>>> print(open('work.pdb').read())   # PDB, C-alpha atoms, pLDDT in the B column
ATOM      1  CA  MET A 282     -32.630 -72.325 -95.240  1.00 35.00           C
ATOM      2  CA  SER A 283     -33.616 -72.034 -98.858  1.00 37.00           C
ATOM      3  CA  PHE A 284     -35.728 -68.966 -98.144  1.00 39.00           C
ATOM      4  CA  LEU A 285     -32.480 -67.021 -97.882  1.00 42.00           C
ATOM      5  CA  ARG A 286     -31.403 -67.779-101.447  1.00 42.00           C
ATOM      6  CA  ARG A 287     -31.407 -64.743-103.628  1.00 39.00           C
ATOM      7  CA  ARG A 288     -33.644 -64.694-106.655  1.00 43.00           C
ATOM      8  CA  SER A 289     -31.677 -62.187-108.754  1.00 45.00           C
ATOM      9  CA  ALA A 290     -28.850 -63.161-111.073  1.00 42.00           C
ATOM     10  CA  THR A 291     -26.392 -60.740-109.470  1.00 46.00           C
ATOM     11  CA  PRO A 292     -26.621 -61.239-105.713  1.00 48.00           C
ATOM     12  CA  ALA A 293     -24.753 -58.884-103.432  1.00 62.00           C
ATOM     13  CA  GLY A 294     -23.582 -59.224 -99.872  1.00 77.00           C
ATOM     14  CA  PRO A 295     -24.198 -56.960 -96.922  1.00 87.00           C
ATOM     15  CA  ASP A 296     -22.930 -53.403 -96.792  1.00 84.00           C
ATOM     16  CA  PHE A 297     -21.950 -53.878 -93.145  1.00 88.00           C
ATOM     17  CA  ASP A 298     -19.458 -56.081 -91.327  1.00 89.00           C
ATOM     18  CA  VAL A 299     -20.987 -59.150 -89.702  1.00 92.00           C
ATOM     19  CA  LEU A 300     -20.352 -59.806 -86.027  1.00 92.00           C
ATOM     20  CA  ALA A 301     -20.006 -63.561 -85.545  1.00 91.00           C
ATOM     21  CA  MET A 302     -17.625 -66.345 -84.636  1.00 89.00           C
ATOM     22  CA  ASP A 303     -14.909 -66.903 -87.201  1.00 86.00           C
ATOM     23  CA  PRO A 304     -15.762 -70.022 -89.222  1.00 80.00           C
ATOM     24  CA  SER A 305     -12.320 -71.457 -88.455  1.00 81.00           C
ATOM     25  CA  ASP A 306     -13.119 -71.294 -84.701  1.00 79.00           C
ATOM     26  CA  TRP A 307     -16.172 -73.567 -85.011  1.00 78.00           C
ATOM     27  CA  PRO A 308     -15.778 -77.368 -84.826  1.00 78.00           C
ATOM     28  CA  GLY A 309     -18.725 -78.133 -87.108  1.00 80.00           C
ATOM     29  CA  ASN A 310     -20.398 -76.953 -90.283  1.00 85.00           C
ATOM     30  CA  LEU A 311     -21.275 -73.340 -90.983  1.00 85.00           C
ATOM     31  CA  ASN A 312     -23.954 -72.070 -93.335  1.00 87.00           C
ATOM     32  CA  ALA A 313     -24.572 -68.413 -94.097  1.00 87.00           C
ATOM     33  CA  GLY A 314     -27.627 -66.900 -95.688  1.00 86.00           C
ATOM     34  CA  LEU A 315     -28.553 -63.453 -96.917  1.00 87.00           C
ATOM     35  CA  LEU A 316     -31.999 -61.996 -96.394  1.00 89.00           C
ATOM     36  CA  PRO A 317     -32.489 -59.961 -99.576  1.00 86.00           C
ATOM     37  CA  ALA A 318     -34.842 -57.054-100.146  1.00 84.00           C
ATOM     38  CA  PRO A 319     -36.743 -56.739-103.450  1.00 83.00           C
ATOM     39  CA  ASP A 320     -34.309 -53.998-104.539  1.00 82.00           C
ATOM     40  CA  GLY A 321     -31.335 -56.348-104.114  1.00 80.00           C
ATOM     41  CA  SER A 322     -29.999 -54.808-100.908  1.00 82.00           C
ATOM     42  CA  CYS A 323     -29.101 -57.005 -97.965  1.00 87.00           C
ATOM     43  CA  GLN A 324     -31.666 -56.850 -95.140  1.00 91.00           C
ATOM     44  CA  GLY A 325     -29.742 -59.187 -92.884  1.00 93.00           C
ATOM     45  CA  LEU A 326     -27.332 -62.052 -92.673  1.00 92.00           C
ATOM     46  CA  TYR A 327     -27.685 -65.263 -90.675  1.00 91.00           C
ATOM     47  CA  LEU A 328     -25.014 -67.746 -89.740  1.00 92.00           C
ATOM     48  CA  ARG A 329     -26.075 -71.243 -88.748  1.00 91.00           C
ATOM     49  CA  TYR A 330     -23.489 -73.220 -86.810  1.00 91.00           C
ATOM     50  CA  ASP A 331     -24.192 -76.977 -86.987  1.00 89.00           C
ATOM     51  CA  LEU A 332     -22.479 -79.640 -84.965  1.00 76.00           C
ATOM     52  CA  PHE A 333     -20.499 -82.442 -86.559  1.00 69.00           C
ATOM     53  CA  GLY A 334     -22.179 -85.807 -86.876  1.00 64.00           C
ATOM     54  CA  GLY A 335     -25.513 -84.459 -88.048  1.00 70.00           C
ATOM     55  CA  ARG A 336     -26.549 -83.536 -84.521  1.00 71.00           C
ATOM     56  CA  GLY A 337     -28.331 -80.468 -85.811  1.00 71.00           C
ATOM     57  CA  PRO A 338     -27.861 -76.748 -85.426  1.00 78.00           C
ATOM     58  CA  ALA A 339     -26.401 -75.549 -82.189  1.00 85.00           C
ATOM     59  CA  MET A 340     -26.603 -71.823 -82.827  1.00 92.00           C
ATOM     60  CA  ILE A 341     -27.846 -69.145 -85.184  1.00 95.00           C
ATOM     61  CA  ILE A 342     -26.348 -65.647 -85.164  1.00 95.00           C
ATOM     62  CA  GLY A 343     -28.209 -62.944 -87.050  1.00 96.00           C
ATOM     63  CA  ASN A 344     -27.085 -59.439 -88.000  1.00 96.00           C
ATOM     64  CA  LEU A 345     -29.985 -57.179 -89.013  1.00 96.00           C
ATOM     65  CA  PRO A 346     -29.384 -53.579 -90.088  1.00 94.00           C
ATOM     66  CA  GLU A 347     -31.732 -50.782 -89.165  1.00 92.00           C
ATOM     67  CA  GLY A 348     -34.902 -50.930 -91.263  1.00 91.00           C
ATOM     68  CA  SER A 349     -34.798 -54.698 -91.821  1.00 93.00           C
ATOM     69  CA  PRO A 350     -38.348 -56.102 -91.721  1.00 92.00           C
ATOM     70  CA  ALA A 351     -37.052 -59.169 -89.846  1.00 93.00           C
ATOM     71  CA  ARG A 352     -36.474 -56.879 -86.837  1.00 93.00           C
ATOM     72  CA  ASP A 353     -40.200 -56.132 -86.565  1.00 92.00           C
ATOM     73  CA  VAL A 354     -41.724 -58.680 -84.217  1.00 92.00           C
ATOM     74  CA  ALA A 355     -44.837 -58.240 -82.107  1.00 91.00           C
ATOM     75  CA  GLU A 356     -44.589 -58.235 -78.338  1.00 90.00           C
ATOM     76  CA  GLY A 357     -44.238 -61.785 -77.046  1.00 90.00           C
ATOM     77  CA  GLU A 358     -43.102 -63.151 -80.417  1.00 94.00           C
ATOM     78  CA  VAL A 359     -39.682 -64.735 -80.731  1.00 96.00           C
ATOM     79  CA  PRO A 360     -36.956 -63.163 -82.877  1.00 97.00           C
ATOM     80  CA  PHE A 361     -36.581 -64.458 -86.416  1.00 94.00           C
ATOM     81  CA  GLU A 362     -33.389 -66.338 -85.483  1.00 96.00           C
ATOM     82  CA  VAL A 363     -35.222 -68.365 -82.824  1.00 96.00           C
ATOM     83  CA  GLY A 364     -37.919 -69.265 -85.339  1.00 94.00           C
ATOM     84  CA  GLN A 365     -35.278 -70.422 -87.813  1.00 91.00           C
ATOM     85  CA  LEU A 366     -33.501 -72.475 -85.147  1.00 93.00           C
ATOM     86  CA  LEU A 367     -36.754 -74.224 -84.228  1.00 93.00           C
ATOM     87  CA  LEU A 368     -37.571 -74.775 -87.901  1.00 90.00           C
ATOM     88  CA  ALA A 369     -34.143 -76.315 -88.545  1.00 87.00           C
ATOM     89  CA  LEU A 370     -34.674 -78.614 -85.567  1.00 89.00           C
ATOM     90  CA  GLU A 371     -38.134 -79.542 -86.881  1.00 89.00           C
ATOM     91  CA  ASN A 372     -39.586 -78.362 -83.583  1.00 90.00           C
ATOM     92  CA  ASP A 373     -43.067 -77.011 -84.272  1.00 90.00           C
ATOM     93  CA  GLU A 374     -43.970 -76.101 -80.684  1.00 90.00           C
ATOM     94  CA  GLU A 375     -45.398 -72.640 -80.085  1.00 94.00           C
ATOM     95  CA  VAL A 376     -42.649 -70.645 -78.372  1.00 96.00           C
ATOM     96  CA  THR A 377     -43.115 -67.159 -76.919  1.00 96.00           C
ATOM     97  CA  VAL A 378     -41.027 -64.586 -75.085  1.00 97.00           C
ATOM     98  CA  VAL A 379     -42.034 -64.618 -71.420  1.00 96.00           C
ATOM     99  CA  GLY A 380     -39.521 -62.094 -70.093  1.00 96.00           C
ATOM    100  CA  VAL A 381     -36.556 -59.872 -70.902  1.00 96.00           C
ATOM    101  CA  GLU A 382     -33.581 -59.039 -68.704  1.00 96.00           C
ATOM    102  CA  ASP A 383     -30.952 -56.391 -69.547  1.00 96.00           C
ATOM    103  CA  MET A 384     -27.404 -57.076 -68.446  1.00 94.00           C
ATOM    104  CA  PRO A 385     -24.026 -55.399 -69.072  1.00 93.00           C
ATOM    105  CA  VAL A 386     -21.350 -57.491 -70.800  1.00 89.00           C
ATOM    106  CA  MET A 387     -17.841 -56.543 -71.876  1.00 84.00           C
ATOM    107  CA  GLN A 388     -16.725 -57.468 -75.384  1.00 79.00           C
ATOM    108  CA  GLY A 389     -13.096 -56.491 -75.576  1.00 76.00           C
ATOM    109  CA  ASP A 390     -13.060 -52.794 -74.672  1.00 82.00           C
ATOM    110  CA  ASN A 391     -16.749 -52.326 -75.501  1.00 81.00           C
ATOM    111  CA  LEU A 392     -19.605 -52.416 -73.018  1.00 85.00           C
ATOM    112  CA  LEU A 393     -22.682 -54.109 -74.438  1.00 87.00           C
ATOM    113  CA  ILE A 394     -26.148 -53.928 -72.962  1.00 92.00           C
ATOM    114  CA  VAL A 395     -27.383 -57.426 -73.718  1.00 95.00           C
ATOM    115  CA  ARG A 396     -31.073 -58.317 -73.641  1.00 96.00           C
ATOM    116  CA  ARG A 397     -31.460 -61.882 -72.420  1.00 96.00           C
ATOM    117  CA  LEU A 398     -34.803 -63.186 -73.633  1.00 97.00           C
ATOM    118  CA  LYS A 399     -36.560 -65.749 -71.473  1.00 97.00           C
ATOM    119  CA  LEU A 400     -38.577 -68.087 -73.671  1.00 97.00           C
ATOM    120  CA  SER A 401     -41.386 -70.529 -72.997  1.00 96.00           C
ATOM    121  CA  GLU A 402     -39.117 -73.274 -74.411  1.00 95.00           C
ATOM    122  CA  SER A 403     -36.347 -73.546 -71.826  1.00 94.00           C
ATOM    123  CA  ARG A 404     -33.991 -75.428 -74.180  1.00 94.00           C
ATOM    124  CA  VAL A 405     -33.604 -72.292 -76.313  1.00 96.00           C
ATOM    125  CA  SER A 406     -31.276 -69.520 -75.145  1.00 96.00           C
ATOM    126  CA  CYS A 407     -31.491 -66.139 -76.837  1.00 97.00           C
ATOM    127  CA  VAL A 408     -29.698 -62.819 -76.440  1.00 97.00           C
ATOM    128  CA  GLN A 409     -29.750 -59.586 -78.438  1.00 97.00           C
ATOM    129  CA  PHE A 410     -27.700 -56.415 -78.499  1.00 95.00           C
ATOM    130  CA  ASP A 411     -27.418 -53.337 -80.684  1.00 93.00           C
ATOM    131  CA  ARG A 412     -24.105 -52.435 -82.265  1.00 91.00           C
ATOM    132  CA  SER A 413     -22.875 -48.859 -82.559  1.00 88.00           C
ATOM    133  CA  ASP A 414     -23.763 -48.932 -86.289  1.00 90.00           C
ATOM    134  CA  ASN A 415     -27.418 -49.819 -85.466  1.00 92.00           C
ATOM    135  CA  VAL A 416     -27.105 -53.450 -86.530  1.00 94.00           C
ATOM    136  CA  LEU A 417     -29.079 -55.763 -84.222  1.00 96.00           C
ATOM    137  CA  VAL A 418     -27.212 -58.950 -83.321  1.00 96.00           C
ATOM    138  CA  THR A 419     -29.304 -61.906 -82.141  1.00 97.00           C
ATOM    139  CA  ILE A 420     -27.837 -65.181 -80.919  1.00 97.00           C
ATOM    140  CA  ALA A 421     -30.114 -68.197 -80.515  1.00 97.00           C
ATOM    141  CA  ALA A 422     -28.720 -71.462 -79.167  1.00 95.00           C
ATOM    142  CA  TRP A 423     -30.285 -74.877 -78.672  1.00 92.00           C
ATOM    143  CA  ASP A 424     -29.809 -76.731 -75.404  1.00 89.00           C
ATOM    144  CA  ARG A 425     -26.797 -74.618 -74.387  1.00 86.00           C
ATOM    145  CA  PRO A 426     -26.671 -71.527 -72.218  1.00 89.00           C
ATOM    146  CA  ILE A 427     -25.147 -68.421 -73.784  1.00 91.00           C
ATOM    147  CA  THR A 428     -22.321 -67.426 -71.460  1.00 89.00           C
ATOM    148  CA  ASP A 429     -20.109 -64.333 -71.335  1.00 86.00           C
ATOM    149  CA  ASP A 430     -17.298 -66.395 -72.908  1.00 86.00           C
ATOM    150  CA  LEU A 431     -19.178 -66.369 -76.216  1.00 87.00           C
ATOM    151  CA  TYR A 432     -18.937 -62.579 -76.536  1.00 87.00           C
ATOM    152  CA  ALA A 433     -15.131 -62.834 -76.488  1.00 85.00           C
ATOM    153  CA  LEU A 434     -15.310 -65.116 -79.562  1.00 87.00           C
ATOM    154  CA  LEU A 435     -17.386 -62.643 -81.599  1.00 89.00           C
ATOM    155  CA  LYS A 436     -15.453 -60.589 -84.101  1.00 90.00           C
ATOM    156  CA  PRO A 437     -16.290 -58.505 -87.162  1.00 90.00           C
ATOM    157  CA  LEU A 438     -16.147 -60.588 -90.292  1.00 89.00           C
ATOM    158  CA  PRO A 439     -15.804 -58.424 -93.414  1.00 85.00           C
ATOM    159  CA  ALA A 440     -18.797 -58.086 -95.698  1.00 82.00           C
ATOM    160  CA  GLU A 441     -16.647 -59.347 -98.591  1.00 82.00           C
ATOM    161  CA  LEU A 442     -16.625 -62.778 -96.976  1.00 82.00           C
ATOM    162  CA  PHE A 443     -20.342 -63.053 -97.747  1.00 79.00           C
ATOM    163  CA  GLN A 444     -20.358 -61.801-101.335  1.00 72.00           C
ATOM    164  CA  GLN A 445     -21.999 -64.166-103.799  1.00 60.00           C
ATOM    165  CA  GLY A 446     -21.690 -64.383-107.527  1.00 54.00           C
TER     166      GLY A 446
END
>>> encode(input="work.pdb", output="structure tokens")
Amino acid sequence: MSFLRRRSATPAGPDFDVLAMDPSDWPGNLNAGLLPAPDGSCQGLYLRYDLFGGRGPAMIIGNLPEGSPARDVAEGEVPFEVGQLLLALENDEEVTVVGVEDMPVMQGDNLLIVRRLKLSESRVSCVQFDRSDNVLVTIAAWDRPITDDLYALLKPLPAELFQQG
């Protein structure tokens, strides 16, 4: 995920909390990457959860604030996180969105309206939801369904956790 490396000498982290699974709750390796804008601001943050034993990435969770160019995808195109998951898996098949289903999910005391994306590659699961602070959260998983149990594991991780420098 070298494309996420910052080019400036004084990288900064996001100015928003990141909704993800706590790194200590994951039984594998975790990589995080910032998507920087030319002005040095953070246009998104991606967490890649890899399984132990070199079995490859199992999940990517992205947090994209309002105005992030990575949020702009044409109709039928997959979210950026799905593209990165396929790239990490060295899967170069053409994958498209073939349908979208909205469903209510509880996360603690909050009701989320989750968009479940149906993709042409059935081994990829993908969901998206908007947070109250207009950050779009996308979860893409390989060869595993995304169940309601996952939402209970999501928690805000402070932006300071992702500061570089």
>>> closest_residue(input="work.pdb", among="A:Met387, A:Val363, A:Leu326, A:Ala318", to="Leu438 (chain A)", atoms="all atoms listed in the file")
A:Leu326
>>> resolve_selection(input="work.pdb", expression="the PyMOL selection byres ((chain A and resi 348) around 10)", output="PyMOL selection string")
chain A and resi 324-325+345-347+349-353+415-416
>>> resolve_selection(input="work.pdb", expression="the PyMOL selection byres ((chain A and resi 425) around 9)", output="number ranges by chain")
A: 339-340, 404-406, 422-424, 426-428
>>> write_last_selection(input="work.pdb", atoms="C-alpha atoms", output="mmCIF file, keeping the file's coordinate frame")
data_model
loop_
_atom_site.group_PDB
_atom_site.id
_atom_site.type_symbol
_atom_site.label_atom_id
_atom_site.label_comp_id
_atom_site.auth_asym_id
_atom_site.auth_seq_id
_atom_site.Cartn_x
_atom_site.Cartn_y
_atom_site.Cartn_z
ATOM 1 C CA ALA A 339 -26.401 -75.549 -82.189
ATOM 2 C CA MET A 340 -26.603 -71.823 -82.827
ATOM 3 C CA ARG A 404 -33.991 -75.428 -74.180
ATOM 4 C CA VAL A 405 -33.604 -72.292 -76.313
ATOM 5 C CA SER A 406 -31.276 -69.520 -75.145
ATOM 6 C CA ALA A 422 -28.720 -71.462 -79.167
ATOM 7 C CA TRP A 423 -30.285 -74.877 -78.672
ATOM 8 C CA ASP A 424 -29.809 -76.731 -75.404
ATOM 9 C CA PRO A 426 -26.671 -71.527 -72.218
ATOM 10 C CA ILE A 427 -25.147 -68.421 -73.784
ATOM 11 C CA THR A 428 -22.321 -67.426 -71.460
#
>>> closest_atom_pairs(input="work.pdb", of="region 333-368 of chain A", to="region 291-310 of chain A", cutoff="10 Å", atoms="only C-alpha atoms", output="JSON lines")
{"residue": "A:Phe333", "atom": "CA", "partner": "A:Gly309", "partner_atom": "CA", "distance": 4.7}
{"residue": "A:Gly334", "atom": "CA", "partner": "A:Gly309", "partner_atom": "CA", "distance": 8.4}
{"residue": "A:Gly335", "atom": "CA", "partner": "A:Gly309", "partner_atom": "CA", "distance": 9.3}
{"residue": "A:Arg336", "atom": "CA", "partner": "A:Gly309", "partner_atom": "CA", "distance": 9.9}
{"residue": "A:Gly337", "atom": "CA", "partner": "A:Asn310", "partner_atom": "CA", "distance": 9.8}
{"residue": "A:Pro338", "atom": "CA", "partner": "A:Asn310", "partner_atom": "CA", "distance": 8.9}
{"residue": "A:Ala339", "atom": "CA", "partner": "A:Gly309", "partner_atom": "CA", "distance": 9.5}
{"residue": "A:Ile341", "atom": "CA", "partner": "A:Ala301", "partner_atom": "CA", "distance": 9.6}
{"residue": "A:Ile342", "atom": "CA", "partner": "A:Ala301", "partner_atom": "CA", "distance": 6.7}
{"residue": "A:Gly343", "atom": "CA", "partner": "A:Ala301", "partner_atom": "CA", "distance": 8.4}
{"residue": "A:Asn344", "atom": "CA", "partner": "A:Val299", "partner_atom": "CA", "distance": 6.3}
{"residue": "A:Leu345", "atom": "CA", "partner": "A:Val299", "partner_atom": "CA", "distance": 9.2}
{"residue": "A:Pro346", "atom": "CA", "partner": "A:Phe297", "partner_atom": "CA", "distance": 8.0}
>>> write_last_selection(input="work.pdb", atoms="C-alpha atoms", output="CSV table (one decimal), keeping the file's coordinate frame")
chain,number,residue,atom,x,y,z
A,333,PHE,CA,-20.5,-82.4,-86.6
A,334,GLY,CA,-22.2,-85.8,-86.9
A,335,GLY,CA,-25.5,-84.5,-88.0
A,336,ARG,CA,-26.5,-83.5,-84.5
A,337,GLY,CA,-28.3,-80.5,-85.8
A,338,PRO,CA,-27.9,-76.7,-85.4
A,339,ALA,CA,-26.4,-75.5,-82.2
A,341,ILE,CA,-27.8,-69.1,-85.2
A,342,ILE,CA,-26.3,-65.6,-85.2
A,343,GLY,CA,-28.2,-62.9,-87.0
A,344,ASN,CA,-27.1,-59.4,-88.0
A,345,LEU,CA,-30.0,-57.2,-89.0
A,346,PRO,CA,-29.4,-53.6,-90.1
>>> closest_residue(input="work.pdb", among="A:Val379, A:Cys407, A:Ala433, A:Leu367", to="Leu393 (chain A)", atoms="only C-alpha atoms")
A:Ala433
>>> closest_residue(input="work.pdb", among="A:Gln388, A:Arg412, A:Ala369, A:Cys323", to="Ala440 (chain A)", atoms="only C-alpha atoms")
A:Cys323
>>> residues_around(input="work.pdb", residues="Glu358 (chain A)", least_positions_apart="2", cutoff="10 Å", atoms="all atoms listed in the file", output="MDAnalysis selection string")
chainID A and resid 353:356 360:361 363:364 375:379 400
>>> write_last_selection(input="work.pdb", atoms="C-alpha atoms", output="mmCIF file, in the frame of the given file")
data_model
loop_
_atom_site.group_PDB
_atom_site.id
_atom_site.type_symbol
_atom_site.label_atom_id
_atom_site.label_comp_id
_atom_site.auth_asym_id
_atom_site.auth_seq_id
_atom_site.Cartn_x
_atom_site.Cartn_y
_atom_site.Cartn_z
ATOM 1 C CA ASP A 353 -40.200 -56.132 -86.565
ATOM 2 C CA VAL A 354 -41.724 -58.680 -84.217
ATOM 3 C CA ALA A 355 -44.837 -58.240 -82.107
ATOM 4 C CA GLU A 356 -44.589 -58.235 -78.338
ATOM 5 C CA PRO A 360 -36.956 -63.163 -82.877
ATOM 6 C CA PHE A 361 -36.581 -64.458 -86.416
ATOM 7 C CA VAL A 363 -35.222 -68.365 -82.824
ATOM 8 C CA GLY A 364 -37.919 -69.265 -85.339
ATOM 9 C CA GLU A 375 -45.398 -72.640 -80.085
ATOM 10 C CA VAL A 376 -42.649 -70.645 -78.372
ATOM 11 C CA THR A 377 -43.115 -67.159 -76.919
ATOM 12 C CA VAL A 378 -41.027 -64.586 -75.085
ATOM 13 C CA VAL A 379 -42.034 -64.618 -71.420
ATOM 14 C CA LEU A 400 -38.577 -68.087 -73.671
#
>>> closest_residue(input="work.pdb", among="A:Leu442, A:Leu328, A:Leu434, A:Leu316", to="Gly389 (chain A)", atoms="all atoms listed in the file")
A:Leu434
>>> atom_distance(input="work.pdb", atom1="CA of Arg396 (chain A)", atom2="CA of Asp411 (chain A)")
9.4 Å
>>> closest_residue(input="work.pdb", among="A:Gln409, A:Ser401, A:Gln444, A:Asn312", to="Gly380 (chain A)", atoms="all atoms listed in the file")
A:Ser401
>>> atom_distance(input="work.pdb", atom1="CA of Asn391 (chain A)", atom2="CA of Asp429 (chain A)")
13.1 Å
>>> closest_residue(input="work.pdb", among="A:Pro317, A:Asp383, A:Leu435, A:Glu441", to="Val408 (chain A)", atoms="all atoms listed in the file")
A:Asp383
>>> atom_distance(input="work.pdb", atom1="CA of Asp373 (chain A)", atom2="CA of Ala313 (chain A)")
22.6 Å
>>> axis_aligned_box(input="work.pdb", around="region 401-420 of chain A", padding_each_side="5 Å", output="JSON")
{"center_x": -32.1, "center_y": -62.1, "center_z": -79.2, "size_x": 28.5, "size_y": 36.6, "size_z": 24.7}
